[in-house]
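K.L.:
Input: one structure, supplied below.
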Amino acid sequence: CAPLSPQIRHSGAAQQRQQAAAFELEGRLSASDGERAASGRMEWLHSPTRDSWTLLNPLGQIAAQLEQDASGAELVTADGRRYRAGSADSLLPQLLGVEVPVARLAQWVQAAPRREAEIRETDGSGRPTLLIDAGWRIAYLEYADNGINAAPRLMDISRGDTRLRLFIDRWTPTP
Amino acid sequence: AGGVEQLRQFVKATRSAEGEFEQTVLAKSGRKPQQAAGSFAFSRPGKFRWEYQTPYQQLLVGDGERLWIWDRDLNQVTVKRIGDALGATPAAILFGSGDLEQNFELAEGGDSEGLAWVEARPKQEGSGFEAMRIGLAGGQVKRMEMRDNFGQTTTVLFPRFVLNPPVDAGRFRFMPPTGADVIGDDTTKGGR
């Protein structure tokens with residue numbers, strides 16, 4: 001992978017990174033809440049009004065699909081069961097095995113956090129390598145390339161026993 | 001012989017196997033097909049190695065008790081009890097315990113594309129896939145097609161399939177590489 005520019009640990013000059021309002025993401029993840037562990041592939045279509053996740057098991061079968069729009073969220077699992085909720089936040093644990101705030105996740109996967117988040121460390125190009133946001137710790141281990149606006153490629157999201165590691169194979173902003 | 005008879009013979013005659021696979025996943029929605037390929041080996045029951053080389057490196061090892069999933073890019077190993085995880089999954093056809101018809105309803109699927117086909121429906125509710133077709137020729141599994149409950153079809157071809165080769169047991173043991181992060185719902189993290 002593209003070697004990161006030299007790791008200069010400073011929390012200053014975090015370059016302002018643009019945040020795409022809508023994107024398509026394909027990646028692999030593993031998630032653990034300290035007891036159970038799940039791993040697989042994820043496809044995520046995000047826009048301000050709609051989110052749709054598809055989780056596939058390591059052998060390529062769809063394990064679950066979660067859709068969210070203004071009217072609420074619905075999760076359908078491989079065995080055909082349906083779950084509804086006001087928002088995807090409460091259904092995400094059944095999809096990913098861990099509870100992660102969805103709206104924040106859309107910012108974290110772009111390493112473009114909201115202002116209140118604390119960028120604790122950055123790399124040589126001023127990109128975040130460690131972010132603290134509402135008690136969550138997001139470590140950016142790799143970026144797709146050395147460009148200032150490169151998308152993160154490998155990241156660890158954790159809080160307490162909850163851990164999610166995501167390798168982003170493809171990330172594309174959509175109009 | 002018809003497909004069902006050939007499959008029964010295959011399951012009875014195959015103690016172990018090794019070879020290569022090509023997998024294509026076609027989603028119902030317009031998503032582009034996902035191609036993947038790699039190598040496999042198995043020793044019935046429950047021991048297998050399913051190694052993706054492309055599009056990325058991922059290794060699944062069943063050591064008879066636990067399923068290890070190692071992803072190079074994630075630099076992480078996930079381990080879980082196999083238990084009946086194989087039960088009524090497509091993998092069970094290849095490396096599950098001998099009694100196939102305990103988990104599947106088998107029916108003749110006719111002949112086409114030079115193969116004798118078997119329709120296999122999981123007997124258990126909630127097995128995660130709707131139907132599966134297995135294409136055999138000369139008593140060997142050549143192709144498997146699985147449709148899940150989301151209308152997605154996975155096709156697996158076996159360009160190379162060696163029956164009952166000498167397989168050393170070490171291939172079905174997994175030791176997490178040094179430095180790899182091991183997570184799982186199994187306390188004993190070391191391989192055997």
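All residue names refer to the structure tokens as shown: chains lettered A, B, ... in order, residues numbered from 1 in each chain, ligands numbered from 1 in order.
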Residues of chain A near chain B: apply a cut-off of 10 Å, count only C-alpha atoms, and supply the list as a count of residues only.

P.N.:
38

K.L.:
Tell me which protein, DNA and RNA residues are within 12 Å of Leu136 (chain B), counting only C-alpha atoms, leaving out same-chain ones fewer than 5 positions away, and put them as a ChimeraX atom specification.

P.N.:
/B:1-11,108-119,141-145,157-158,161

K.L.:
Taking the backbone alone, and naming residues the way the document does, which bits of region 53-154 of chain A are strand (DSSP E or B) by DSSP, as a PyMOL selection string?

P.N.:
chain A and resi 53-56+62-69+72-77+82-85+118-122+128-133+136-143+152-154

K.L.:
Go through A:Thr54, A:Thr172, A:Gln107, A:Thr122 and flag the residue nearest Ser29 (chain B), using only C-alpha atoms for the distances.

P.N.:
A:Thr54

K.L.:
Which residues, written as a PDB file with N, CA and C atoms, in the first residue's frame, have at least one atom at most 8 Å from Glu118 (chain A), with only C-alpha atoms counted and residues fewer than 2 positions away on the same chain left out?

P.N.:
ATOM      1  N   ARG A 115     -17.118  19.675  13.940  1.00  0.00           N
ATOM      2  CA  ARG A 115     -16.175  20.581  14.644  1.00  0.00           C
ATOM      3  C   ARG A 115     -15.924  20.126  16.067  1.00  0.00           C
ATOM      4  N   GLU A 116     -17.015  19.590  16.724  1.00  0.00           N
ATOM      5  CA  GLU A 116     -16.847  19.300  18.162  1.00  0.00           C
ATOM      6  C   GLU A 116     -15.889  18.126  18.381  1.00  0.00           C
ATOM      7  N   ARG A 120      -6.838  14.435  17.571  1.00  0.00           N
ATOM      8  CA  ARG A 120      -5.750  14.388  18.529  1.00  0.00           C
ATOM      9  C   ARG A 120      -4.391  14.259  17.853  1.00  0.00           C
ATOM     10  N   LEU A 131      -8.668  10.390  16.193  1.00  0.00           N
ATOM     11  CA  LEU A 131      -9.818  11.273  16.379  1.00  0.00           C
ATOM     12  C   LEU A 131     -10.581  10.804  17.616  1.00  0.00           C
ATOM     13  N   ILE A 132     -11.024  11.744  18.441  1.00  0.00           N
ATOM     14  CA  ILE A 132     -11.882  11.388  19.584  1.00  0.00           C
ATOM     15  C   ILE A 132     -13.206  12.104  19.366  1.00  0.00           C
ATOM     16  N   ASP A 133     -14.297  11.370  19.358  1.00  0.00           N
ATOM     17  CA  ASP A 133     -15.590  11.995  19.069  1.00  0.00           C
ATOM     18  C   ASP A 133     -16.656  11.348  19.952  1.00  0.00           C
TER      19      ASP A 133
END

K.L.:
In Å to one decimal, how far is CA of Asp63 (chain B) from CA of Val162 (chain B)?

P.N.:
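Between these atoms lies a distance of 20.2 Å.
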
K.L.:
Residues at most 8 Å from region 170-172 of chain B, counting only C-alpha atoms, excluding those fewer than 4 positions away in the same chain, as a list in words?

P.N.:
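Skipping anything fewer than 4 positions along the chain leaves Phe42, Lys47, Phe48, Arg49, Val61, Gly62 and Asp63 of chain B.
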
K.L.:
Take the selection from the previous step and output its residues with N, CA, C and O atoms, as a PDB file, in the first residue's frame.

P.N.:
ATOM      1  N   PHE B  42     -10.381 -29.838   1.436  1.00  0.00           N
ATOM      2  CA  PHE B  42     -11.229 -30.218   2.579  1.00  0.00           C
ATOM      3  C   PHE B  42     -11.018 -31.680   2.931  1.00  0.00           C
ATOM      4  O   PHE B  42     -10.513 -32.465   2.109  1.00  0.00           O
ATOM      5  N   LYS B  47     -13.547 -30.317   8.172  1.00  0.00           N
ATOM      6  CA  LYS B  47     -12.214 -29.676   8.055  1.00  0.00           C
ATOM      7  C   LYS B  47     -12.065 -29.128   6.643  1.00  0.00           C
ATOM      8  O   LYS B  47     -12.258 -29.874   5.670  1.00  0.00           O
ATOM      9  N   PHE B  48     -11.755 -27.849   6.564  1.00  0.00           N
ATOM     10  CA  PHE B  48     -11.634 -27.282   5.215  1.00  0.00           C
ATOM     11  C   PHE B  48     -10.752 -26.045   5.239  1.00  0.00           C
ATOM     12  O   PHE B  48     -10.469 -25.481   6.284  1.00  0.00           O
ATOM     13  N   ARG B  49     -10.341 -25.695   4.004  1.00  0.00           N
ATOM     14  CA  ARG B  49      -9.526 -24.500   3.812  1.00  0.00           C
ATOM     15  C   ARG B  49     -10.070 -23.830   2.567  1.00  0.00           C
ATOM     16  O   ARG B  49     -10.197 -24.483   1.525  1.00  0.00           O
ATOM     17  N   VAL B  61     -10.478 -21.189   7.508  1.00  0.00           N
ATOM     18  CA  VAL B  61     -10.034 -22.547   7.863  1.00  0.00           C
ATOM     19  C   VAL B  61     -10.998 -23.123   8.891  1.00  0.00           C
ATOM     20  O   VAL B  61     -11.281 -22.473   9.905  1.00  0.00           O
ATOM     21  N   GLY B  62     -11.501 -24.315   8.580  1.00  0.00           N
ATOM     22  CA  GLY B  62     -12.317 -25.032   9.556  1.00  0.00           C
ATOM     23  C   GLY B  62     -11.458 -26.147  10.113  1.00  0.00           C
ATOM     24  O   GLY B  62     -11.017 -27.013   9.334  1.00  0.00           O
ATOM     25  N   ASP B  63     -11.212 -26.125  11.421  1.00  0.00           N
ATOM     26  CA  ASP B  63     -10.298 -27.155  11.958  1.00  0.00           C
ATOM     27  C   ASP B  63     -11.110 -28.297  12.579  1.00  0.00           C
ATOM     28  O   ASP B  63     -10.604 -29.071  13.372  1.00  0.00           O
TER      29      ASP B  63
END
